Amino acid sequence: MAAATVEIGKVAISLELSFDGDLYACRRPPGVVERMEAEALDLLSKGLFVSGIDTPVATVTGTAGHRFVQESAVFQPPGSWVYQGRCWVGTSRNGLTLTGVLGYRLEVRACWAPRAGECGPPETATEWCELFGAQLASIGGVVLRRASVLSLGTPP
């Protein structure tokens with residue numbers, strides 16, 4: 001739902017953050033559901049920022065005040081770390097309120113940029129950190145932007 005791509009030195013990094021679960025959305029005064037879905041996605045993805053992508057505990061924050069708690073980090077060869085956890089949402093803007101707990105998945109992929117030449121991919125988590133760690137450490141943080149459409153279920 002939110003993503004970013006950055007190239008630093010000879011390394012290209014892409015980040016993709018997705019959510020899973022249900023949120024309670026309330027509009028005061030009631031509005032059109034399709035418009036509420038778009039506004040909910042904007043509110044959920046507002047100011048998402050990822051830092052510490054060179055560490056086993058990447059930090060995800062958002063200006064809407066979501067609370068992210070990482071539960072796992074897994075290396076997926078040849079070039080991805082997948083961080084998963086829970087996100088507590090409780091935010092409001094322009095009469096729209098979102099509340100609930102979502103699962104989140106942050107995938108950080110690193111690969112050699114085209115100008116790196118014929119460098120091979122890493123095969124282990126240790127090799128990944130050795131090859132890409134310095135470049136990743138030089139990135140203070142990355143702002144993510146909205147990438148896809150959110151679909152809110154309609155209440156029964």
# chains A, B, ... in the order shown; residues from 1 in each chain; ligands from 1
$ closest_atom_pairs --of "segment 69-96 of chain A" --to "segment 36-45 of chain A" --cutoff "10 Å" --atoms "only C-alpha atoms" --output "tab-separated table"
residue	atom	partner	partner_atom	distance
A:Val89	CA	A:Leu44	CA	8.1
A:Gly90	CA	A:Leu44	CA	9.7
A:Thr91	CA	A:Leu43	CA	7.9
A:Ser92	CA	A:Leu43	CA	7.9
A:Arg93	CA	A:Leu43	CA	7.4
A:Asn94	CA	A:Glu39	CA	9.4
A:Leu96	CA	A:Ala40	CA	7.5
$ closest_atom_pairs --of "segment 19-105 of chain A" --to "segment 141-148 of chain A" --cutoff "7 Å" --atoms "only C-alpha atoms" --output "JSON lines"
{"residue": "A:Ser45", "atom": "CA", "partner": "A:Arg146", "partner_atom": "CA", "distance": 6.0}
{"residue": "A:Gly47", "atom": "CA", "partner": "A:Val143", "partner_atom": "CA", "distance": 6.8}
{"residue": "A:Leu48", "atom": "CA", "partner": "A:Leu144", "partner_atom": "CA", "distance": 5.4}
{"residue": "A:Phe49", "atom": "CA", "partner": "A:Val143", "partner_atom": "CA", "distance": 4.5}
{"residue": "A:Val50", "atom": "CA", "partner": "A:Val142", "partner_atom": "CA", "distance": 5.3}
{"residue": "A:Ser51", "atom": "CA", "partner": "A:Gly141", "partner_atom": "CA", "distance": 4.2}
$ select_by_dssp --residues "segment 30-149 of chain A" --states "alpha helix (DSSP H)" --output "list of chain:residue names"
A:Val33, A:Glu34, A:Arg35, A:Met36, A:Glu37, A:Ala38, A:Glu39, A:Ala40, A:Leu41, A:Asp42, A:Leu43, A:Leu44, A:Ser45, A:Ala125, A:Thr126, A:Glu127, A:Trp128, A:Cys129, A:Glu130, A:Leu131, A:Phe132, A:Gly133, A:Ala134, A:Gln135, A:Leu136, A:Ala137
$ closest_residue --among "A:Pro122, A:Phe19, A:Ile53, A:Pro77" --to "Leu136 of chain A" --atoms "only C-alpha atoms"
A:Ile53
$ atom_distance --atom1 "atom CA of Cys119 of chain A" --atom2 "atom CA of Gly52 of chain A"
24.5 Å
$ closest_residue --among "A:Arg105, A:Asp22, A:Thr55, A:Ala2" --to "Ala137 of chain A" --atoms "only C-alpha atoms"
A:Thr55
$ select_by_dssp --residues "segment 69-126 of chain A" --states "strand (DSSP E)" --output "NGL selection string"
:A and (69-76 or 80-93 or 96-112)
$ residues_around --residues "Gly95 of chain A" --least-positions-apart "5" --cutoff "9 Å" --atoms "only C-alpha atoms" --output "short mmCIF file (atom, residue, chain, number, x, y, z; two decimals) with N, CA, C and O atoms, in the first residue's frame"
data_model
loop_
_atom_site.label_atom_id
_atom_site.label_comp_id
_atom_site.auth_asym_id
_atom_site.auth_seq_id
_atom_site.Cartn_x
_atom_site.Cartn_y
_atom_site.Cartn_z
N CYS A 26 -15.17 5.53 10.57
CA CYS A 26 -16.40 6.25 10.87
C CYS A 26 -16.30 7.67 10.31
O CYS A 26 -15.28 8.34 10.50
N ARG A 27 -17.33 8.11 9.62
CA ARG A 27 -17.35 9.45 9.05
C ARG A 27 -18.46 10.25 9.71
O ARG A 27 -19.58 9.80 9.80
N ARG A 28 -18.11 11.43 10.16
CA ARG A 28 -19.09 12.37 10.71
C ARG A 28 -18.99 13.67 9.96
O ARG A 28 -17.93 14.31 10.01
N PRO A 29 -19.97 14.10 9.24
CA PRO A 29 -21.23 13.42 8.94
C PRO A 29 -20.99 12.29 7.93
O PRO A 29 -19.97 12.28 7.25
N PRO A 30 -21.93 11.33 7.83
CA PRO A 30 -21.77 10.22 6.89
C PRO A 30 -21.53 10.73 5.47
O PRO A 30 -22.08 11.76 5.07
#
$ atom_distance --atom1 "atom CA of Ala125 of chain A" --atom2 "atom CA of Leu102 of chain A"
27.4 Å
$ residues_around --residues "Ser72 of chain A" --least-positions-apart "4" --cutoff "7 Å" --atoms "only C-alpha atoms" --output "VMD selection string"
chain A and resid 83 to 85
